[in-house]
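So this block is structure-v3.cif, mmCIF, N, CA and C atoms:
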data_coords
loop_
_atom_site.group_PDB
_atom_site.id
_atom_site.type_symbol
_atom_site.label_atom_id
_atom_site.label_comp_id
_atom_site.auth_asym_id
_atom_site.auth_seq_id
_atom_site.Cartn_x
_atom_site.Cartn_y
_atom_site.Cartn_z
ATOM 1 N N MET A 1 3.016 -73.609 75.657
ATOM 2 C CA MET A 1 1.671 -74.015 75.295
ATOM 3 C C MET A 1 1.274 -75.197 76.182
ATOM 4 N N ARG A 2 0.085 -75.151 76.677
ATOM 5 C CA ARG A 2 -0.407 -76.241 77.518
ATOM 6 C C ARG A 2 -0.596 -77.498 76.689
ATOM 7 N N GLN A 3 -0.500 -78.627 77.358
ATOM 8 C CA GLN A 3 -0.680 -79.915 76.687
ATOM 9 C C GLN A 3 -2.062 -80.008 76.048
ATOM 10 N N ALA A 4 -3.094 -79.546 76.768
ATOM 11 C CA ALA A 4 -4.459 -79.632 76.244
ATOM 12 C C ALA A 4 -4.619 -78.827 74.965
ATOM 13 N N SER A 5 -4.036 -77.643 74.907
ATOM 14 C CA SER A 5 -4.196 -76.832 73.702
ATOM 15 C C SER A 5 -3.429 -77.427 72.530
ATOM 16 N N ARG A 6 -2.293 -78.083 72.793
ATOM 17 C CA ARG A 6 -1.570 -78.769 71.709
ATOM 18 C C ARG A 6 -2.393 -79.941 71.192
ATOM 19 N N THR A 7 -3.005 -80.663 72.110
ATOM 20 C CA THR A 7 -3.860 -81.789 71.725
ATOM 21 C C THR A 7 -5.052 -81.293 70.917
ATOM 22 N N ASP A 8 -5.667 -80.208 71.366
ATOM 23 C CA ASP A 8 -6.806 -79.635 70.636
ATOM 24 C C ASP A 8 -6.388 -79.202 69.241
ATOM 25 N N ALA A 9 -5.219 -78.588 69.123
ATOM 26 C CA ALA A 9 -4.729 -78.132 67.817
ATOM 27 C C ALA A 9 -4.493 -79.321 66.889
ATOM 28 N N ARG A 10 -3.932 -80.406 67.425
ATOM 29 C CA ARG A 10 -3.708 -81.610 66.605
ATOM 30 C C ARG A 10 -5.028 -82.224 66.161
ATOM 31 N N LYS A 11 -5.997 -82.253 67.052
ATOM 32 C CA LYS A 11 -7.309 -82.798 66.698
ATOM 33 C C LYS A 11 -7.962 -81.965 65.606
ATOM 34 N N LYS A 12 -7.866 -80.644 65.732
ATOM 35 C CA LYS A 12 -8.442 -79.758 64.722
ATOM 36 C C LYS A 12 -7.753 -79.974 63.375
ATOM 37 N N ASP A 13 -6.426 -80.072 63.397
ATOM 38 C CA ASP A 13 -5.665 -80.286 62.165
ATOM 39 C C ASP A 13 -6.054 -81.614 61.510
ATOM 40 N N THR A 14 -6.171 -82.652 62.322
ATOM 41 C CA THR A 14 -6.554 -83.967 61.800
ATOM 42 C C THR A 14 -7.950 -83.928 61.196
ATOM 43 N N ARG A 15 -8.881 -83.280 61.864
ATOM 44 C CA ARG A 15 -10.250 -83.184 61.352
ATOM 45 C C ARG A 15 -10.285 -82.448 60.006
ATOM 46 N N GLU A 16 -9.525 -81.357 59.894
ATOM 47 C CA GLU A 16 -9.478 -80.607 58.641
ATOM 48 C C GLU A 16 -8.915 -81.459 57.512
ATOM 49 N N LYS A 17 -7.879 -82.239 57.793
ATOM 50 C CA LYS A 17 -7.278 -83.088 56.767
ATOM 51 C C LYS A 17 -8.253 -84.174 56.320
ATOM 52 N N ILE A 18 -8.993 -84.740 57.257
ATOM 53 C CA ILE A 18 -9.991 -85.750 56.906
ATOM 54 C C ILE A 18 -11.072 -85.130 56.026
ATOM 55 N N GLN A 19 -11.520 -83.935 56.375
ATOM 56 C CA GLN A 19 -12.543 -83.254 55.575
ATOM 57 C C GLN A 19 -12.026 -82.965 54.167
ATOM 58 N N LEU A 20 -10.783 -82.536 54.053
ATOM 59 C CA LEU A 20 -10.211 -82.267 52.727
ATOM 60 C C LEU A 20 -10.113 -83.546 51.904
ATOM 61 N N GLY A 21 -9.749 -84.644 52.536
ATOM 62 C CA GLY A 21 -9.727 -85.927 51.843
ATOM 63 C C GLY A 21 -11.116 -86.306 51.349
ATOM 64 N N GLY A 22 -12.123 -85.987 52.144
ATOM 65 C CA GLY A 22 -13.504 -86.248 51.740
ATOM 66 C C GLY A 22 -13.890 -85.469 50.497
ATOM 67 N N LEU A 23 -13.364 -84.270 50.378
ATOM 68 C CA LEU A 23 -13.643 -83.471 49.178
ATOM 69 C C LEU A 23 -13.048 -84.122 47.936
ATOM 70 N N ILE A 24 -11.851 -84.676 48.071
ATOM 71 C CA ILE A 24 -11.217 -85.373 46.950
ATOM 72 C C ILE A 24 -12.094 -86.549 46.515
ATOM 73 N N ALA A 25 -12.587 -87.315 47.492
ATOM 74 C CA ALA A 25 -13.443 -88.457 47.187
ATOM 75 C C ALA A 25 -14.753 -87.998 46.556
ATOM 76 N N LYS A 26 -15.357 -86.937 47.106
ATOM 77 C CA LYS A 26 -16.631 -86.429 46.588
ATOM 78 C C LYS A 26 -16.492 -85.967 45.138
ATOM 79 N N ALA A 27 -15.330 -85.445 44.791
ATOM 80 C CA ALA A 27 -15.088 -84.978 43.424
ATOM 81 C C ALA A 27 -14.822 -86.129 42.455
ATOM 82 N N GLY A 28 -14.777 -87.364 42.974
ATOM 83 C CA GLY A 28 -14.538 -88.518 42.109
ATOM 84 C C GLY A 28 -13.073 -88.735 41.777
ATOM 85 N N LEU A 29 -12.199 -88.200 42.618
ATOM 86 C CA LEU A 29 -10.762 -88.267 42.339
ATOM 87 C C LEU A 29 -10.001 -89.171 43.310
ATOM 88 N N ARG A 30 -10.715 -90.002 44.032
ATOM 89 C CA ARG A 30 -10.115 -90.829 45.080
ATOM 90 C C ARG A 30 -8.931 -91.655 44.578
ATOM 91 N N TYR A 31 -9.004 -92.165 43.363
ATOM 92 C CA TYR A 31 -7.979 -93.100 42.889
ATOM 93 C C TYR A 31 -6.950 -92.458 41.964
ATOM 94 N N GLU A 32 -6.980 -91.151 41.863
ATOM 95 C CA GLU A 32 -5.983 -90.451 41.047
ATOM 96 C C GLU A 32 -4.651 -90.367 41.791
ATOM 97 N N LYS A 33 -3.601 -90.213 41.035
ATOM 98 C CA LYS A 33 -2.263 -90.081 41.635
ATOM 99 C C LYS A 33 -2.160 -88.774 42.398
ATOM 100 N N ARG A 34 -1.410 -88.802 43.466
ATOM 101 C CA ARG A 34 -1.232 -87.605 44.295
ATOM 102 C C ARG A 34 -0.632 -86.452 43.512
ATOM 103 N N ALA A 35 0.288 -86.750 42.602
ATOM 104 C CA ALA A 35 0.908 -85.686 41.807
ATOM 105 C C ALA A 35 -0.140 -84.979 40.947
ATOM 106 N N LEU A 36 -1.084 -85.742 40.391
ATOM 107 C CA LEU A 36 -2.148 -85.133 39.594
ATOM 108 C C LEU A 36 -3.023 -84.248 40.482
ATOM 109 N N LEU A 37 -3.399 -84.756 41.638
ATOM 110 C CA LEU A 37 -4.241 -83.974 42.551
ATOM 111 C C LEU A 37 -3.559 -82.669 42.942
ATOM 112 N N LEU A 38 -2.287 -82.756 43.271
ATOM 113 C CA LEU A 38 -1.558 -81.542 43.639
ATOM 114 C C LEU A 38 -1.483 -80.584 42.450
ATOM 115 N N GLY A 39 -1.246 -81.119 41.263
ATOM 116 C CA GLY A 39 -1.216 -80.276 40.066
ATOM 117 C C GLY A 39 -2.540 -79.568 39.837
ATOM 118 N N LEU A 40 -3.650 -80.297 40.001
ATOM 119 C CA LEU A 40 -4.970 -79.677 39.861
ATOM 120 C C LEU A 40 -5.163 -78.546 40.858
ATOM 121 N N LEU A 41 -4.765 -78.795 42.084
ATOM 122 C CA LEU A 41 -4.949 -77.783 43.127
ATOM 123 C C LEU A 41 -4.071 -76.554 42.889
ATOM 124 N N ILE A 42 -2.841 -76.773 42.493
ATOM 125 C CA ILE A 42 -1.940 -75.648 42.212
ATOM 126 C C ILE A 42 -2.471 -74.837 41.031
ATOM 127 N N ASP A 43 -2.896 -75.524 39.982
ATOM 128 C CA ASP A 43 -3.440 -74.842 38.812
ATOM 129 C C ASP A 43 -4.708 -74.073 39.195
ATOM 130 N N GLY A 44 -5.582 -74.715 39.952
ATOM 131 C CA GLY A 44 -6.811 -74.049 40.384
ATOM 132 C C GLY A 44 -6.531 -72.827 41.233
ATOM 133 N N ALA A 45 -5.555 -72.938 42.131
ATOM 134 C CA ALA A 45 -5.210 -71.801 42.984
ATOM 135 C C ALA A 45 -4.750 -70.609 42.150
ATOM 136 N N SER A 46 -3.945 -70.881 41.138
ATOM 137 C CA SER A 46 -3.473 -69.766 40.300
ATOM 138 C C SER A 46 -4.613 -69.198 39.453
ATOM 139 N N ARG A 47 -5.526 -70.046 39.004
ATOM 140 C CA ARG A 47 -6.662 -69.574 38.212
ATOM 141 C C ARG A 47 -7.578 -68.661 39.020
ATOM 142 N N ILE A 48 -7.902 -69.067 40.252
ATOM 143 C CA ILE A 48 -8.841 -68.253 41.038
ATOM 144 C C ILE A 48 -8.179 -66.994 41.577
ATOM 145 N N GLU A 49 -6.869 -67.015 41.693
ATOM 146 C CA GLU A 49 -6.159 -65.809 42.113
ATOM 147 C C GLU A 49 -6.187 -64.762 41.007
ATOM 148 N N ALA A 50 -6.124 -65.232 39.779
ATOM 149 C CA ALA A 50 -6.023 -64.326 38.639
ATOM 150 C C ALA A 50 -7.374 -63.938 38.040
ATOM 151 N N ASP A 51 -8.443 -64.655 38.393
ATOM 152 C CA ASP A 51 -9.701 -64.469 37.675
ATOM 153 C C ASP A 51 -10.893 -64.658 38.621
ATOM 154 N N GLU A 52 -11.490 -63.571 39.023
ATOM 155 C CA GLU A 52 -12.624 -63.625 39.954
ATOM 156 C C GLU A 52 -13.811 -64.367 39.341
ATOM 157 N N ALA A 53 -14.009 -64.240 38.046
ATOM 158 C CA ALA A 53 -15.108 -64.956 37.383
ATOM 159 C C ALA A 53 -14.894 -66.468 37.478
ATOM 160 N N GLU A 54 -13.665 -66.909 37.347
ATOM 161 C CA GLU A 54 -13.355 -68.339 37.471
ATOM 162 C C GLU A 54 -13.608 -68.804 38.906
ATOM 163 N N ARG A 55 -13.250 -67.991 39.875
ATOM 164 C CA ARG A 55 -13.519 -68.313 41.289
ATOM 165 C C ARG A 55 -15.024 -68.490 41.492
ATOM 166 N N GLU A 56 -15.800 -67.578 40.967
ATOM 167 C CA GLU A 56 -17.257 -67.650 41.119
ATOM 168 C C GLU A 56 -17.829 -68.863 40.394
ATOM 169 N N ARG A 57 -17.326 -69.164 39.217
ATOM 170 C CA ARG A 57 -17.789 -70.317 38.441
ATOM 171 C C ARG A 57 -17.527 -71.618 39.205
ATOM 172 N N LEU A 58 -16.324 -71.755 39.722
ATOM 173 C CA LEU A 58 -15.970 -72.971 40.460
ATOM 174 C C LEU A 58 -16.721 -73.065 41.788
ATOM 175 N N THR A 59 -16.943 -71.932 42.428
ATOM 176 C CA THR A 59 -17.726 -71.917 43.663
ATOM 177 C C THR A 59 -19.148 -72.396 43.396
ATOM 178 N N ALA A 60 -19.724 -71.965 42.291
ATOM 179 C CA ALA A 60 -21.081 -72.391 41.940
ATOM 180 C C ALA A 60 -21.139 -73.896 41.689
ATOM 181 N N ILE A 61 -20.123 -74.433 41.037
ATOM 182 C CA ILE A 61 -20.078 -75.882 40.794
ATOM 183 C C ILE A 61 -20.016 -76.632 42.124
ATOM 184 N N GLY A 62 -19.174 -76.171 43.020
ATOM 185 C CA GLY A 62 -19.049 -76.819 44.320
ATOM 186 C C GLY A 62 -20.314 -76.691 45.153
ATOM 187 N N ALA A 63 -20.927 -75.538 45.134
ATOM 188 C CA ALA A 63 -22.168 -75.327 45.892
ATOM 189 C C ALA A 63 -23.269 -76.259 45.380
ATOM 190 N N GLU A 64 -23.315 -76.416 44.063
ATOM 191 C CA GLU A 64 -24.307 -77.322 43.476
ATOM 192 C C GLU A 64 -24.066 -78.752 43.931
ATOM 193 N N ALA A 65 -22.802 -79.170 43.950
ATOM 194 C CA ALA A 65 -22.479 -80.531 44.391
ATOM 195 C C ALA A 65 -22.872 -80.733 45.855
ATOM 196 N N PHE A 66 -22.639 -79.739 46.705
ATOM 197 C CA PHE A 66 -23.035 -79.846 48.113
ATOM 198 C C PHE A 66 -24.547 -79.865 48.254
ATOM 199 N N SER A 67 -25.249 -79.115 47.417
ATOM 200 C CA SER A 67 -26.710 -79.069 47.540
ATOM 201 C C SER A 67 -27.353 -80.388 47.127
ATOM 202 N N ASN A 68 -26.620 -81.211 46.387
ATOM 203 C CA ASN A 68 -27.121 -82.518 45.966
ATOM 204 C C ASN A 68 -26.887 -83.599 47.020
ATOM 205 N N ASP A 69 -26.215 -83.252 48.129
ATOM 206 C CA ASP A 69 -25.969 -84.228 49.191
ATOM 207 C C ASP A 69 -27.280 -84.631 49.843
ATOM 208 N N PRO A 70 -27.437 -85.926 50.123
ATOM 209 C CA PRO A 70 -28.639 -86.340 50.869
ATOM 210 C C PRO A 70 -28.578 -85.807 52.296
ATOM 211 N N GLU A 71 -29.712 -85.505 52.839
ATOM 212 C CA GLU A 71 -29.785 -84.966 54.212
ATOM 213 C C GLU A 71 -29.440 -86.006 55.225
#

Would you mind giving the structure from this file in structure tokens?
Amino acid sequence: MRQASRTDARKKDTREKIQLGGLIAKAGLRYEKRALLLGLLIDGASRIEADEAERERLTAIGAEAFSNDPE
């Protein structure tokens, strides 16, 4: 792999991690313990895997939160 493509991959990975951290903050969970956050995510992943209605419900909540963002 070329050096440039490794650098690009690292930059992309870093940007994605920063964006995910922003989601935690936007949800009001910035100061929660990491174990709780991971537990929420694991539980949510199993819920949306097992229940399409739950996936749609949570997607609607998230879409609403994004639509409330100032331009």

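Here atom C of A:Arg30 stands at a distance of 29.3 Å from atom CA of A:Thr7.
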
Can you pull out the residues contacting A:Asp69? Cut-off 10 Å, using only C-alpha atoms, and skip same-chain residues under 4 positions away; I want them as number ranges by chain. A: 26, 64-65

Separation of atom CA of A:Asp43 from atom CA of A:Glu56 in Å: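 Value for the atom CA of A:Glu56-atom CA of A:Asp43 distance: 15.7 Å.
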
Return as a PyMOL selection string the full set of residues in chain A whose backbone-based DSSP assignment is helix (DSSP H, G or I). chain A and resi 3-26+34-50+52-67

Can you tell me how far atom CA of A:Ala60 sits from atom CA of A:Thr14, in Å to one decimal? 27.2 Å

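The nearest approach to A:Leu40 among the residues A:Ile24, A:Ile61, A:Ala4, A:Ala53, with only C-alpha atoms taken into account, belongs to A:Ile24.
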
Assuming 6 Å of padding per side, give the centre and edge lengths of the axis-aligned box around every listed atom of stretch 11-27 of chain A, in Å to one decimal and as AutoDock Vina command-line options.
--center_x -11.1 --center_y -84.1 --center_z 54.8 --size_x 23.0 --size_y 20.7 --size_z 36.6

Export stretch 11-59 of chain A from the structure block above, keeping C-alpha atoms, as a PDB file, in the first residue's frame.
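Output file part.pdb is given in full below:
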ATOM      1  CA  LYS A  11      -7.493  10.532   8.039  1.00  0.00           C
ATOM      2  CA  LYS A  12     -10.812   8.986   7.029  1.00  0.00           C
ATOM      3  CA  ASP A  13     -10.818   6.773  10.132  1.00  0.00           C
ATOM      4  CA  THR A  14     -10.033   9.740  12.380  1.00  0.00           C
ATOM      5  CA  ARG A  15     -12.782  11.849  10.808  1.00  0.00           C
ATOM      6  CA  GLU A  16     -15.343   9.057  11.300  1.00  0.00           C
ATOM      7  CA  LYS A  17     -14.372   8.675  14.963  1.00  0.00           C
ATOM      8  CA  ILE A  18     -14.698  12.419  15.543  1.00  0.00           C
ATOM      9  CA  GLN A  19     -18.140  12.397  13.910  1.00  0.00           C
ATOM     10  CA  LEU A  20     -19.241   9.469  16.085  1.00  0.00           C
ATOM     11  CA  GLY A  21     -18.052  11.310  19.184  1.00  0.00           C
ATOM     12  CA  GLY A  22     -20.139  14.265  18.048  1.00  0.00           C
ATOM     13  CA  LEU A  23     -23.197  12.041  17.971  1.00  0.00           C
ATOM     14  CA  ILE A  24     -22.590  11.045  21.591  1.00  0.00           C
ATOM     15  CA  ALA A  25     -22.393  14.727  22.555  1.00  0.00           C
ATOM     16  CA  LYS A  26     -25.483  15.624  20.485  1.00  0.00           C
ATOM     17  CA  ALA A  27     -27.452  12.907  22.286  1.00  0.00           C
ATOM     18  CA  GLY A  28     -26.579  14.534  25.625  1.00  0.00           C
ATOM     19  CA  LEU A  29     -24.374  11.652  26.720  1.00  0.00           C
ATOM     20  CA  ARG A  30     -20.992  13.400  26.728  1.00  0.00           C
ATOM     21  CA  TYR A  31     -20.370  12.863  30.449  1.00  0.00           C
ATOM     22  CA  GLU A  32     -21.649   9.305  30.763  1.00  0.00           C
ATOM     23  CA  LYS A  33     -19.273   6.459  31.519  1.00  0.00           C
ATOM     24  CA  ARG A  34     -17.847   4.637  28.532  1.00  0.00           C
ATOM     25  CA  ALA A  35     -19.194   1.317  29.800  1.00  0.00           C
ATOM     26  CA  LEU A  36     -22.730   2.746  29.809  1.00  0.00           C
ATOM     27  CA  LEU A  37     -22.318   4.129  26.290  1.00  0.00           C
ATOM     28  CA  LEU A  38     -21.045   0.806  25.013  1.00  0.00           C
ATOM     29  CA  GLY A  39     -23.907  -0.994  26.759  1.00  0.00           C
ATOM     30  CA  LEU A  40     -26.441   1.326  25.117  1.00  0.00           C
ATOM     31  CA  LEU A  41     -24.917   0.745  21.712  1.00  0.00           C
ATOM     32  CA  ILE A  42     -24.749  -3.032  22.102  1.00  0.00           C
ATOM     33  CA  ASP A  43     -28.344  -3.148  23.335  1.00  0.00           C
ATOM     34  CA  GLY A  44     -29.485  -0.874  20.509  1.00  0.00           C
ATOM     35  CA  ALA A  45     -27.682  -2.977  17.920  1.00  0.00           C
ATOM     36  CA  SER A  46     -29.445  -6.118  19.097  1.00  0.00           C
ATOM     37  CA  ARG A  47     -32.817  -4.331  19.200  1.00  0.00           C
ATOM     38  CA  ILE A  48     -32.614  -3.017  15.635  1.00  0.00           C
ATOM     39  CA  GLU A  49     -31.355  -6.349  14.359  1.00  0.00           C
ATOM     40  CA  ALA A  50     -34.357  -8.120  15.824  1.00  0.00           C
ATOM     41  CA  ASP A  51     -37.072  -5.528  15.194  1.00  0.00           C
ATOM     42  CA  GLU A  52     -37.479  -3.470  12.024  1.00  0.00           C
ATOM     43  CA  ALA A  53     -40.149  -1.310  13.683  1.00  0.00           C
ATOM     44  CA  GLU A  54     -37.668  -0.379  16.421  1.00  0.00           C
ATOM     45  CA  ARG A  55     -35.074   0.502  13.757  1.00  0.00           C
ATOM     46  CA  GLU A  56     -37.599   2.775  12.057  1.00  0.00           C
ATOM     47  CA  ARG A  57     -38.673   4.351  15.363  1.00  0.00           C
ATOM     48  CA  LEU A  58     -35.096   5.153  16.355  1.00  0.00           C
ATOM     49  CA  THR A  59     -34.274   6.408  12.862  1.00  0.00           C
TER      50      THR A  59
END
